[in-house]
file data_39.pdb (PDB, C-alpha atoms)
ATOM      1  CA  MET A 207    -201.862-130.671 -32.497  1.00  0.00           C
ATOM      2  CA  GLU A 208    -198.562-130.692 -34.364  1.00  0.00           C
ATOM      3  CA  THR A 209    -195.367-129.642 -32.661  1.00  0.00           C
ATOM      4  CA  SER A 210    -191.879-128.837 -33.855  1.00  0.00           C
ATOM      5  CA  ASN A 211    -188.458-129.620 -32.476  1.00  0.00           C
ATOM      6  CA  ALA A 212    -186.810-126.815 -34.450  1.00  0.00           C
ATOM      7  CA  PRO A 213    -184.678-124.528 -32.239  1.00  0.00           C
ATOM      8  CA  PHE A 214    -186.241-121.230 -31.261  1.00  0.00           C
ATOM      9  CA  ARG A 215    -185.003-118.146 -33.116  1.00  0.00           C
ATOM     10  CA  ALA A 216    -186.305-114.641 -32.417  1.00  0.00           C
ATOM     11  CA  SER A 217    -185.946-113.553 -36.035  1.00  0.00           C
ATOM     12  CA  LEU A 218    -187.691-110.857 -38.020  1.00  0.00           C
ATOM     13  CA  ALA A 219    -189.310-113.549 -40.175  1.00  0.00           C
ATOM     14  CA  ARG A 220    -190.821-115.095 -37.050  1.00  0.00           C
ATOM     15  CA  SER A 221    -192.207-111.702 -35.977  1.00  0.00           C
ATOM     16  CA  VAL A 222    -193.804-111.221 -39.392  1.00  0.00           C
ATOM     17  CA  ARG A 223    -195.358-114.717 -39.296  1.00  0.00           C
ATOM     18  CA  LEU A 224    -196.895-114.092 -35.887  1.00  0.00           C
ATOM     19  CA  LEU A 225    -198.259-110.700 -36.923  1.00  0.00           C
ATOM     20  CA  ALA A 226    -199.826-112.202 -40.041  1.00  0.00           C
ATOM     21  CA  ALA A 227    -201.347-115.051 -38.031  1.00  0.00           C
ATOM     22  CA  PHE A 228    -202.727-112.621 -35.469  1.00  0.00           C
ATOM     23  CA  ARG A 229    -205.170-111.307 -38.056  1.00  0.00           C
ATOM     24  CA  LYS A 230    -206.928-114.681 -37.852  1.00  0.00           C
ATOM     25  CA  GLU A 231    -207.323-114.703 -34.068  1.00  0.00           C
ATOM     26  CA  GLN A 232    -211.086-114.160 -34.229  1.00  0.00           C
ATOM     27  CA  THR A 233    -211.871-116.016 -37.471  1.00  0.00           C
ATOM     28  CA  ASP A 234    -209.570-119.026 -37.068  1.00  0.00           C
ATOM     29  CA  PRO A 235    -208.458-119.338 -33.436  1.00  0.00           C
ATOM     30  CA  ASP A 236    -207.150-122.882 -33.924  1.00  0.00           C
ATOM     31  CA  PHE A 237    -204.692-121.627 -36.527  1.00  0.00           C
ATOM     32  CA  PHE A 238    -203.557-118.572 -34.579  1.00  0.00           C
ATOM     33  CA  TYR A 239    -203.353-120.070 -31.093  1.00  0.00           C
ATOM     34  CA  GLY A 240    -201.852-123.273 -32.451  1.00  0.00           C
ATOM     35  CA  MET A 241    -199.036-121.315 -34.078  1.00  0.00           C
ATOM     36  CA  LEU A 242    -198.555-119.115 -31.017  1.00  0.00           C
ATOM     37  CA  ALA A 243    -198.507-122.126 -28.686  1.00  0.00           C
ATOM     38  CA  ARG A 244    -195.837-123.884 -30.753  1.00  0.00           C
ATOM     39  CA  ASP A 245    -193.741-120.714 -30.845  1.00  0.00           C
ATOM     40  CA  THR A 246    -194.169-120.164 -27.110  1.00  0.00           C
ATOM     41  CA  ALA A 247    -193.227-123.723 -26.133  1.00  0.00           C
ATOM     42  CA  ALA A 248    -190.067-123.439 -28.228  1.00  0.00           C
ATOM     43  CA  GLN A 249    -189.256-120.110 -26.550  1.00  0.00           C
ATOM     44  CA  LEU A 250    -189.934-121.483 -23.067  1.00  0.00           C
ATOM     45  CA  SER A 251    -187.628-124.421 -23.829  1.00  0.00           C
ATOM     46  CA  THR A 252    -184.705-122.008 -24.073  1.00  0.00           C
ATOM     47  CA  TYR A 253    -185.109-121.210 -20.362  1.00  0.00           C
ATOM     48  CA  THR A 254    -185.872-124.650 -18.924  1.00  0.00           C
ATOM     49  CA  ASP A 255    -186.126-128.324 -19.841  1.00  0.00           C
ATOM     50  CA  LEU A 256    -189.789-129.180 -20.363  1.00  0.00           C
ATOM     51  CA  SER A 257    -189.330-132.948 -20.519  1.00  0.00           C
ATOM     52  CA  GLY A 258    -190.950-134.383 -17.394  1.00  0.00           C
ATOM     53  CA  ALA A 259    -191.549-130.931 -15.894  1.00  0.00           C
ATOM     54  CA  LEU A 260    -194.827-130.195 -14.104  1.00  0.00           C
ATOM     55  CA  VAL A 261    -196.177-127.029 -15.745  1.00  0.00           C
ATOM     56  CA  ALA A 262    -199.134-124.956 -14.560  1.00  0.00           C
ATOM     57  CA  ASP A 263    -200.767-123.020 -17.413  1.00  0.00           C
ATOM     58  CA  VAL A 264    -202.525-120.195 -15.560  1.00  0.00           C
ATOM     59  CA  GLY A 265    -205.535-118.870 -17.443  1.00  0.00           C
ATOM     60  CA  GLY A 266    -205.072-121.622 -20.001  1.00  0.00           C
ATOM     61  CA  GLY A 267    -208.676-121.593 -21.206  1.00  0.00           C
ATOM     62  CA  PRO A 268    -209.309-124.206 -23.916  1.00  0.00           C
ATOM     63  CA  GLY A 269    -205.804-125.637 -23.562  1.00  0.00           C
ATOM     64  CA  TYR A 270    -203.896-124.659 -26.708  1.00  0.00           C
ATOM     65  CA  PHE A 271    -200.679-124.071 -24.762  1.00  0.00           C
ATOM     66  CA  THR A 272    -201.298-127.020 -22.459  1.00  0.00           C
ATOM     67  CA  GLU A 273    -201.541-129.376 -25.407  1.00  0.00           C
ATOM     68  CA  VAL A 274    -198.318-128.210 -27.042  1.00  0.00           C
ATOM     69  CA  LEU A 275    -196.430-128.185 -23.734  1.00  0.00           C
ATOM     70  CA  ARG A 276    -197.506-131.786 -23.236  1.00  0.00           C
ATOM     71  CA  ALA A 277    -196.217-132.624 -26.708  1.00  0.00           C
ATOM     72  CA  HIS A 278    -192.848-131.275 -25.541  1.00  0.00           C
ATOM     73  CA  GLY A 279    -192.840-133.824 -22.725  1.00  0.00           C
ATOM     74  CA  ALA A 280    -194.270-131.693 -19.916  1.00  0.00           C
ATOM     75  CA  ARG A 281    -196.890-132.790 -17.404  1.00  0.00           C
ATOM     76  CA  THR A 282    -199.501-130.069 -17.443  1.00  0.00           C
ATOM     77  CA  LEU A 283    -202.196-128.472 -15.318  1.00  0.00           C
ATOM     78  CA  CYS A 284    -204.534-126.028 -17.071  1.00  0.00           C
ATOM     79  CA  VAL A 285    -205.864-123.574 -14.474  1.00  0.00           C
ATOM     80  CA  ASP A 286    -208.780-121.300 -15.377  1.00  0.00           C
ATOM     81  CA  CYS A 287    -211.691-119.683 -13.524  1.00  0.00           C
ATOM     82  CA  ASP A 288    -214.141-120.073 -16.427  1.00  0.00           C
ATOM     83  CA  ALA A 289    -215.374-123.569 -17.235  1.00  0.00           C
ATOM     84  CA  GLY A 290    -217.120-122.229 -20.326  1.00  0.00           C
ATOM     85  CA  GLU A 291    -213.847-120.828 -21.657  1.00  0.00           C
ATOM     86  CA  MET A 292    -212.167-124.160 -21.004  1.00  0.00           C
ATOM     87  CA  MET A 293    -214.837-125.901 -23.091  1.00  0.00           C
ATOM     88  CA  ALA A 294    -214.881-123.304 -25.874  1.00  0.00           C
ATOM     89  CA  ARG A 295    -212.686-125.300 -28.201  1.00  0.00           C
ATOM     90  CA  ASP A 296    -214.410-128.675 -28.535  1.00  0.00           C
ATOM     91  CA  GLY A 297    -216.953-128.865 -25.720  1.00  0.00           C
ATOM     92  CA  ALA A 298    -214.650-130.650 -23.292  1.00  0.00           C
ATOM     93  CA  VAL A 299    -212.270-129.315 -20.661  1.00  0.00           C
ATOM     94  CA  PRO A 300    -208.558-129.859 -21.342  1.00  0.00           C
ATOM     95  CA  GLU A 301    -206.843-132.873 -19.839  1.00  0.00           C
ATOM     96  CA  GLY A 302    -205.482-131.981 -16.405  1.00  0.00           C
ATOM     97  CA  ALA A 303    -207.838-128.997 -16.028  1.00  0.00           C
ATOM     98  CA  VAL A 304    -208.155-127.283 -12.646  1.00  0.00           C
ATOM     99  CA  LEU A 305    -210.973-124.800 -12.023  1.00  0.00           C
ATOM    100  CA  GLY A 306    -209.732-121.849 -10.012  1.00  0.00           C
ATOM    101  CA  SER A 307    -208.805-118.172  -9.968  1.00  0.00           C
ATOM    102  CA  ALA A 308    -205.441-116.807 -11.078  1.00  0.00           C
ATOM    103  CA  LEU A 309    -205.664-114.516  -8.047  1.00  0.00           C
ATOM    104  CA  ASP A 310    -205.743-117.502  -5.714  1.00  0.00           C
ATOM    105  CA  ILE A 311    -204.217-120.382  -7.660  1.00  0.00           C
ATOM    106  CA  PRO A 312    -205.549-123.650  -6.199  1.00  0.00           C
ATOM    107  CA  LEU A 313    -202.107-125.263  -5.932  1.00  0.00           C
ATOM    108  CA  LYS A 314    -199.774-125.792  -2.998  1.00  0.00           C
ATOM    109  CA  ASP A 315    -196.687-123.697  -2.373  1.00  0.00           C
ATOM    110  CA  ALA A 316    -193.661-124.770  -4.453  1.00  0.00           C
ATOM    111  CA  SER A 317    -195.680-127.482  -6.201  1.00  0.00           C
ATOM    112  CA  VAL A 318    -194.786-126.976  -9.899  1.00  0.00           C
ATOM    113  CA  ASP A 319    -191.563-126.809 -11.885  1.00  0.00           C
ATOM    114  CA  VAL A 320    -192.827-124.136 -14.274  1.00  0.00           C
ATOM    115  CA  CYS A 321    -195.638-121.628 -13.857  1.00  0.00           C
ATOM    116  CA  PHE A 322    -196.710-120.274 -17.220  1.00  0.00           C
ATOM    117  CA  SER A 323    -199.194-117.623 -18.289  1.00  0.00           C
ATOM    118  CA  SER A 324    -199.788-116.106 -21.712  1.00  0.00           C
ATOM    119  CA  ASN A 325    -201.791-112.889 -22.099  1.00  0.00           C
ATOM    120  CA  VAL A 326    -203.883-113.230 -18.965  1.00  0.00           C
ATOM    121  CA  LEU A 327    -202.361-110.636 -16.631  1.00  0.00           C
ATOM    122  CA  GLU A 328    -204.173-107.708 -18.290  1.00  0.00           C
ATOM    123  CA  HIS A 329    -207.509-109.464 -17.700  1.00  0.00           C
ATOM    124  CA  VAL A 330    -207.374-109.630 -13.886  1.00  0.00           C
ATOM    125  CA  PRO A 331    -208.169-106.697 -11.571  1.00  0.00           C
ATOM    126  CA  ASP A 332    -205.085-107.264  -9.386  1.00  0.00           C
ATOM    127  CA  PRO A 333    -202.259-108.246 -11.753  1.00  0.00           C
ATOM    128  CA  TRP A 334    -199.438-108.272  -9.211  1.00  0.00           C
ATOM    129  CA  ARG A 335    -201.394-110.545  -6.897  1.00  0.00           C
ATOM    130  CA  MET A 336    -201.667-112.985  -9.797  1.00  0.00           C
ATOM    131  CA  ALA A 337    -197.956-112.635 -10.529  1.00  0.00           C
ATOM    132  CA  ALA A 338    -197.109-113.234  -6.864  1.00  0.00           C
ATOM    133  CA  GLU A 339    -199.303-116.334  -6.867  1.00  0.00           C
ATOM    134  CA  MET A 340    -197.342-117.666  -9.835  1.00  0.00           C
ATOM    135  CA  VAL A 341    -194.122-117.250  -7.863  1.00  0.00           C
ATOM    136  CA  ARG A 342    -195.661-118.879  -4.796  1.00  0.00           C
ATOM    137  CA  VAL A 343    -196.639-122.127  -6.508  1.00  0.00           C
ATOM    138  CA  THR A 344    -193.256-122.525  -8.256  1.00  0.00           C
ATOM    139  CA  ARG A 345    -190.586-124.632  -6.575  1.00  0.00           C
ATOM    140  CA  PRO A 346    -187.139-123.166  -5.791  1.00  0.00           C
ATOM    141  CA  GLY A 347    -185.110-123.326  -8.981  1.00  0.00           C
ATOM    142  CA  GLY A 348    -188.270-123.428 -11.081  1.00  0.00           C
ATOM    143  CA  VAL A 349    -189.191-120.952 -13.799  1.00  0.00           C
ATOM    144  CA  ILE A 350    -192.017-118.419 -14.085  1.00  0.00           C
ATOM    145  CA  TYR A 351    -192.966-117.403 -17.646  1.00  0.00           C
ATOM    146  CA  LEU A 352    -195.331-114.441 -17.623  1.00  0.00           C
ATOM    147  CA  SER A 353    -196.375-112.400 -20.652  1.00  0.00           C
ATOM    148  CA  PHE A 354    -199.040-109.769 -21.161  1.00  0.00           C
ATOM    149  CA  THR A 355    -200.211-107.100 -23.585  1.00  0.00           C
ATOM    150  CA  ASN A 356    -199.341-103.723 -22.093  1.00  0.00           C
ATOM    151  CA  TRP A 357    -202.045-101.073 -22.167  1.00  0.00           C
ATOM    152  CA  LEU A 358    -200.242 -98.412 -24.203  1.00  0.00           C
ATOM    153  CA  SER A 359    -199.221-100.801 -26.963  1.00  0.00           C
ATOM    154  CA  PRO A 360    -201.118-100.548 -30.279  1.00  0.00           C
ATOM    155  CA  TRP A 361    -203.126-103.628 -29.254  1.00  0.00           C
ATOM    156  CA  GLY A 362    -203.545-102.624 -25.609  1.00  0.00           C
ATOM    157  CA  GLY A 363    -207.295-102.175 -25.996  1.00  0.00           C
ATOM    158  CA  HIS A 364    -207.622-105.520 -27.756  1.00  0.00           C
ATOM    159  CA  GLU A 365    -210.566-105.419 -30.164  1.00  0.00           C
ATOM    160  CA  THR A 366    -211.305-101.797 -29.183  1.00  0.00           C
ATOM    161  CA  SER A 367    -207.831-100.670 -30.331  1.00  0.00           C
ATOM    162  CA  PRO A 368    -206.557 -98.133 -31.236  1.00  0.00           C
ATOM    163  CA  TRP A 369    -209.366 -96.101 -29.676  1.00  0.00           C
ATOM    164  CA  HIS A 370    -208.217 -97.116 -26.198  1.00  0.00           C
ATOM    165  CA  TYR A 371    -205.671 -94.307 -26.515  1.00  0.00           C
ATOM    166  CA  LEU A 372    -208.628 -91.943 -26.036  1.00  0.00           C
ATOM    167  CA  GLY A 373    -209.770 -93.844 -22.956  1.00  0.00           C
ATOM    168  CA  GLY A 374    -210.834 -97.412 -22.250  1.00  0.00           C
ATOM    169  CA  HIS A 375    -214.478 -96.647 -21.494  1.00  0.00           C
ATOM    170  CA  ARG A 376    -214.816 -94.438 -24.564  1.00  0.00           C
ATOM    171  CA  ALA A 377    -213.269 -97.139 -26.753  1.00  0.00           C
ATOM    172  CA  ALA A 378    -215.688 -99.740 -25.399  1.00  0.00           C
ATOM    173  CA  ARG A 379    -218.707 -97.500 -26.058  1.00  0.00           C
ATOM    174  CA  ARG A 380    -217.523 -96.824 -29.607  1.00  0.00           C
ATOM    175  CA  TYR A 381    -217.103-100.533 -30.268  1.00  0.00           C
ATOM    176  CA  THR A 382    -220.611-101.256 -28.974  1.00  0.00           C
ATOM    177  CA  ARG A 383    -222.150 -98.591 -31.221  1.00  0.00           C
ATOM    178  CA  ARG A 384    -220.326 -99.848 -34.312  1.00  0.00           C
ATOM    179  CA  GLU A 385    -220.681-103.610 -33.761  1.00  0.00           C
ATOM    180  CA  GLY A 386    -224.065-103.768 -32.039  1.00  0.00           C
ATOM    181  CA  HIS A 387    -222.706-105.671 -29.055  1.00  0.00           C
ATOM    182  CA  ARG A 388    -220.236-105.136 -26.251  1.00  0.00           C
ATOM    183  CA  PRO A 389    -216.604-106.128 -26.775  1.00  0.00           C
ATOM    184  CA  LYS A 390    -215.446-109.398 -25.253  1.00  0.00           C
ATOM    185  CA  ASN A 391    -212.743-107.467 -23.413  1.00  0.00           C
ATOM    186  CA  VAL A 392    -214.497-104.682 -21.501  1.00  0.00           C
ATOM    187  CA  TYR A 393    -212.329-102.016 -19.912  1.00  0.00           C
ATOM    188  CA  GLY A 394    -212.648-102.065 -16.128  1.00  0.00           C
ATOM    189  CA  GLU A 395    -214.439-105.450 -16.139  1.00  0.00           C
ATOM    190  CA  SER A 396    -212.310-107.922 -18.066  1.00  0.00           C
ATOM    191  CA  LEU A 397    -209.498-105.692 -19.335  1.00  0.00           C
ATOM    192  CA  TYR A 398    -207.203-103.557 -17.178  1.00  0.00           C
ATOM    193  CA  PRO A 399    -204.258-101.240 -17.894  1.00  0.00           C
ATOM    194  CA  VAL A 400    -200.901-102.854 -17.100  1.00  0.00           C
ATOM    195  CA  SER A 401    -197.607-101.159 -17.911  1.00  0.00           C
ATOM    196  CA  VAL A 402    -194.131-102.371 -18.788  1.00  0.00           C
ATOM    197  CA  ALA A 403    -192.722-100.086 -16.099  1.00  0.00           C
ATOM    198  CA  GLY A 404    -195.048-101.565 -13.491  1.00  0.00           C
ATOM    199  CA  ALA A 405    -194.097-105.105 -14.464  1.00  0.00           C
ATOM    200  CA  LEU A 406    -190.371-104.395 -14.285  1.00  0.00           C
ATOM    201  CA  ARG A 407    -190.782-102.647 -10.952  1.00  0.00           C
ATOM    202  CA  TRP A 408    -192.715-105.619  -9.555  1.00  0.00           C
ATOM    203  CA  ALA A 409    -190.213-108.177 -10.869  1.00  0.00           C
ATOM    204  CA  ARG A 410    -187.164-106.342  -9.542  1.00  0.00           C
ATOM    205  CA  SER A 411    -188.753-105.917  -6.115  1.00  0.00           C
ATOM    206  CA  ARG A 412    -189.113-109.661  -5.547  1.00  0.00           C
ATOM    207  CA  THR A 413    -186.740-111.191  -3.032  1.00  0.00           C
ATOM    208  CA  ASP A 414    -188.020-114.708  -3.746  1.00  0.00           C
ATOM    209  CA  ALA A 415    -187.253-114.710  -7.481  1.00  0.00           C
ATOM    210  CA  GLU A 416    -184.547-113.441  -9.827  1.00  0.00           C
ATOM    211  CA  VAL A 417    -185.241-111.941 -13.237  1.00  0.00           C
ATOM    212  CA  LEU A 418    -183.794-114.068 -16.032  1.00  0.00           C
ATOM    213  CA  ASP A 419    -185.207-112.042 -18.901  1.00  0.00           C
ATOM    214  CA  ALA A 420    -187.462-109.112 -19.753  1.00  0.00           C
ATOM    215  CA  ARG A 421    -188.170-108.546 -23.439  1.00  0.00           C
ATOM    216  CA  PRO A 422    -190.822-107.777 -26.030  1.00  0.00           C
ATOM    217  CA  ARG A 423    -192.242-111.237 -26.574  1.00  0.00           C
ATOM    218  CA  TYR A 424    -192.844-111.069 -30.318  1.00  0.00           C
ATOM    219  CA  HIS A 425    -189.942-108.864 -31.401  1.00  0.00           C
ATOM    220  CA  PRO A 426    -186.741-110.036 -33.098  1.00  0.00           C
ATOM    221  CA  GLU A 427    -183.662-110.436 -30.921  1.00  0.00           C
ATOM    222  CA  TRP A 428    -182.106-107.166 -32.068  1.00  0.00           C
ATOM    223  CA  ALA A 429    -185.126-105.197 -30.788  1.00  0.00           C
ATOM    224  CA  THR A 430    -185.020-106.435 -27.172  1.00  0.00           C
ATOM    225  CA  GLY A 431    -183.184-103.318 -25.982  1.00  0.00           C
ATOM    226  CA  VAL A 432    -186.373-101.284 -26.308  1.00  0.00           C
ATOM    227  CA  VAL A 433    -187.342-102.522 -22.833  1.00  0.00           C
ATOM    228  CA  ARG A 434    -184.625-100.239 -21.445  1.00  0.00           C
ATOM    229  CA  LEU A 435    -186.223 -97.115 -22.937  1.00  0.00           C
ATOM    230  CA  PRO A 436    -188.827 -95.588 -20.572  1.00  0.00           C
ATOM    231  CA  GLY A 437    -191.909 -94.272 -22.329  1.00  0.00           C
ATOM    232  CA  ILE A 438    -190.992 -95.627 -25.741  1.00  0.00           C
ATOM    233  CA  ARG A 439    -191.186 -99.201 -24.465  1.00  0.00           C
ATOM    234  CA  GLU A 440    -194.798 -98.716 -23.443  1.00  0.00           C
ATOM    235  CA  ILE A 441    -195.810 -98.123 -27.060  1.00  0.00           C
ATOM    236  CA  VAL A 442    -193.491-100.281 -29.131  1.00  0.00           C
ATOM    237  CA  SER A 443    -193.175-103.412 -26.980  1.00  0.00           C
ATOM    238  CA  TRP A 444    -196.648-104.726 -27.921  1.00  0.00           C
ATOM    239  CA  ASN A 445    -196.285-107.530 -25.389  1.00  0.00           C
ATOM    240  CA  LEU A 446    -193.855-107.937 -22.501  1.00  0.00           C
ATOM    241  CA  LEU A 447    -192.332-111.253 -21.494  1.00  0.00           C
ATOM    242  CA  LEU A 448    -190.938-111.680 -17.992  1.00  0.00           C
ATOM    243  CA  VAL A 449    -188.998-114.815 -17.099  1.00  0.00           C
ATOM    244  CA  LEU A 450    -188.042-115.386 -13.473  1.00  0.00           C
ATOM    245  CA  ARG A 451    -186.368-118.158 -11.511  1.00  0.00           C
ATOM    246  CA  ARG A 452    -187.723-118.944  -8.067  1.00  0.00           C
ATOM    247  CA  ARG A 453    -185.134-118.635  -5.299  1.00  0.00           C
TER
END
call {"tool": "encode", "arguments": {"input": "data_39.pdb", "output": "structure tokens"}}
result
Amino acid sequence: METSNAPFRASLARSVRLLAAFRKEQTDPDFFYGMLARDTAAQLSTYTDLSGALVADVGGGPGYFTEVLRAHGARTLCVDCDAGEMMARDGAVPEGAVLGSALDIPLKDASVDVCFSSNVLEHVPDPWRMAAEMVRVTRPGGVIYLSFTNWLSPWGGHETSPWHYLGGHRAARRYTRREGHRPKNVYGESLYPVSVAGALRWARSRTDAEVLDARPRYHPEWATGVVRLPGIREIVSWNLLLVLRRR
């Protein structure tokens, strides 16, 4: 997979590119996740040096992020609870794969330099247990990069959006009627409501980590202040990024 050494810039043009690529998530996942992984590695590099760092990619699935992080010089561990998801890309698990739950990460305390997770938190039934596990396995001085799609964002219901605004179960039933099969992300089974407010409250309550950043992940730099607007942030953030440093 190609990588880029261009400096990260949270520009409007970048936001537009990601939004356009997102339309191909289902039809061309290599294109979409490849682009997102390259963007994410560049963004992560603004918070910590990836060269030689041991990075745990929690919920890494088929390894798109793992591969690009490795291209940036990181040593990587791809942690996922679903072997089938890990093999979904080319029939083989990613290099450095570890089978295990995000709710009980099978790594020792303070064992990695960076603990990373992209869009997994909303898929676990106990999101703050997962977040706490990410802090636990990160060494003092290390970085936690945690992003998720918040429930009240336009894409909060994933493929059942925007009908999730009328209720997650109702949106799932509507999708099943229209498509003839259940959605991949089923409310209450593999998709759970997580809020920006809840994430900020959790992050600020930690005594073992300091918050380095909290921002809409895909927005341009000038739009980051929306995180400070209760209510509005739940709708317009789309995706929240939390970056913490382990104390």
call {"tool": "residues_around", "arguments": {"input": "data_39.pdb", "residues": "A:Arg412", "least_positions_apart": "3", "cutoff": "10 Å", "atoms": "only C-alpha atoms", "output": "compact mmCIF listing (two decimals) with C-alpha atoms, in the frame of the given file"}}
result
# COMPACT_ATOMS: atom_id res chain seq x y z
CA ALA A 338 -197.11 -113.23 -6.86
CA VAL A 341 -194.12 -117.25 -7.86
CA ARG A 407 -190.78 -102.65 -10.95
CA TRP A 408 -192.72 -105.62 -9.56
CA ALA A 409 -190.21 -108.18 -10.87
CA ALA A 415 -187.25 -114.71 -7.48
CA GLU A 416 -184.55 -113.44 -9.83
CA VAL A 417 -185.24 -111.94 -13.24
CA LEU A 450 -188.04 -115.39 -13.47
CA ARG A 452 -187.72 -118.94 -8.07
CA ARG A 453 -185.13 -118.64 -5.30
call {"tool": "atom_distance", "arguments": {"input": "data_39.pdb", "atom1": "atom CA of A:Glu365", "atom2": "atom CA of A:Gly437"}}
result
23.1 Å
call {"tool": "residues_around", "arguments": {"input": "data_39.pdb", "residues": "stretch 350-353 of chain A", "least_positions_apart": "3", "cutoff": "6 Å", "atoms": "all atoms listed in the file", "output": "NGL selection string"}}
result
:A and (320-325 or 446-450)
call {"tool": "residues_around", "arguments": {"input": "data_39.pdb", "residues": "A:Tyr393", "least_positions_apart": "3", "cutoff": "7 Å", "atoms": "all atoms listed in the file", "output": "PDB file with C-alpha atoms, in the frame of the given file"}}
result
ATOM      1  CA  GLY A 374    -210.834 -97.412 -22.250  1.00  0.00           C
ATOM      2  CA  HIS A 375    -214.478 -96.647 -21.494  1.00  0.00           C
ATOM      3  CA  ALA A 378    -215.688 -99.740 -25.399  1.00  0.00           C
ATOM      4  CA  SER A 396    -212.310-107.922 -18.066  1.00  0.00           C
ATOM      5  CA  LEU A 397    -209.498-105.692 -19.335  1.00  0.00           C
ATOM      6  CA  TYR A 398    -207.203-103.557 -17.178  1.00  0.00           C
TER       7      TYR A 398
END
call {"tool": "closest_residue", "arguments": {"input": "data_39.pdb", "among": "A:Val330, A:Val392, A:Ala248, A:Ala316", "to": "A:Ala277", "atoms": "only C-alpha atoms"}}
result
A:Ala248
call {"tool": "resolve_selection", "arguments": {"input": "data_39.pdb", "expression": "the PyMOL selection byres ((chain A and resi 274) around 7)", "output": "VMD selection string"}}
result
chain A and resid 207 209 243 to 244 247 270 to 273 275 to 278
call {"tool": "resolve_selection", "arguments": {"input": "data_39.pdb", "expression": "the PyMOL selection byres ((chain A and resi 288) around 9)", "output": "list in words"}}
result
Gly265, Gly267, Asp286, Cys287, Ala289, Gly290, Glu291, Met292, Met293, Leu305, Gly306 and Ser307 of chain A
call {"tool": "write_last_selection", "arguments": {"input": "data_39.pdb", "atoms": "C-alpha atoms", "output": "compact mmCIF listing (two decimals), in the frame of the given file"}}
result
# COMPACT_ATOMS: atom_id res chain seq x y z
CA GLY A 265 -205.54 -118.87 -17.44
CA GLY A 267 -208.68 -121.59 -21.21
CA ASP A 286 -208.78 -121.30 -15.38
CA CYS A 287 -211.69 -119.68 -13.52
CA ALA A 289 -215.37 -123.57 -17.24
CA GLY A 290 -217.12 -122.23 -20.33
CA GLU A 291 -213.85 -120.83 -21.66
CA MET A 292 -212.17 -124.16 -21.00
CA MET A 293 -214.84 -125.90 -23.09
CA LEU A 305 -210.97 -124.80 -12.02
CA GLY A 306 -209.73 -121.85 -10.01
CA SER A 307 -208.80 -118.17 -9.97
call {"tool": "closest_residue", "arguments": {"input": "data_39.pdb", "among": "A:Met340, A:Val442, A:Ala294, A:Met241", "to": "A:Pro268", "atoms": "all atoms listed in the file"}}
result
A:Ala294
call {"tool": "residues_around", "arguments": {"input": "data_39.pdb", "residues": "A:Leu406", "least_positions_apart": "5", "cutoff": "9 Å", "atoms": "only C-alpha atoms", "output": "PyMOL selection string"}}
result
chain A and resi 401+411+420+448
call {"tool": "atom_distance", "arguments": {"input": "data_39.pdb", "atom1": "atom CA of A:Trp361", "atom2": "atom CA of A:Ala303"}}
result
29.0 Å
call {"tool": "resolve_selection", "arguments": {"input": "data_39.pdb", "expression": "the PyMOL selection byres ((chain A and resi 345) around 7)", "output": "list in words"}}
result
Ala316, Ser317, Val318, Asp319, Val343, Thr344, Pro346, Gly347, Gly348 and Arg452 of chain A
call {"tool": "residues_around", "arguments": {"input": "data_39.pdb", "residues": "A:Asn445", "least_positions_apart": "4", "cutoff": "6 Å", "atoms": "only C-alpha atoms", "output": "list in words"}}
result
Phe354, Thr355, Asn356, Pro422 and Arg423 of chain A
call {"tool": "closest_residue", "arguments": {"input": "data_39.pdb", "among": "A:Gly373, A:Gly258, A:Gly297, A:Gly386", "to": "A:Arg281", "atoms": "only C-alpha atoms"}}
result
A:Gly258
call {"tool": "atom_distance", "arguments": {"input": "data_39.pdb", "atom1": "atom CA of A:Val400", "atom2": "atom CA of A:Pro333"}}
result
7.7 Å
call {"tool": "closest_residue", "arguments": {"input": "data_39.pdb", "among": "A:Cys284, A:Leu242, A:Leu372, A:Ala219", "to": "A:Val264", "atoms": "all atoms listed in the file"}}
result
A:Cys284
call {"tool": "closest_residue", "arguments": {"input": "data_39.pdb", "among": "A:Arg295, A:Ile441, A:Ala337, A:Leu250", "to": "A:Pro368", "atoms": "all atoms listed in the file"}}
result
A:Ile441
call {"tool": "closest_residue", "arguments": {"input": "data_39.pdb", "among": "A:Val222, A:Val304, A:Leu309, A:Leu327", "to": "A:Pro426", "atoms": "only C-alpha atoms"}}
result
A:Val222
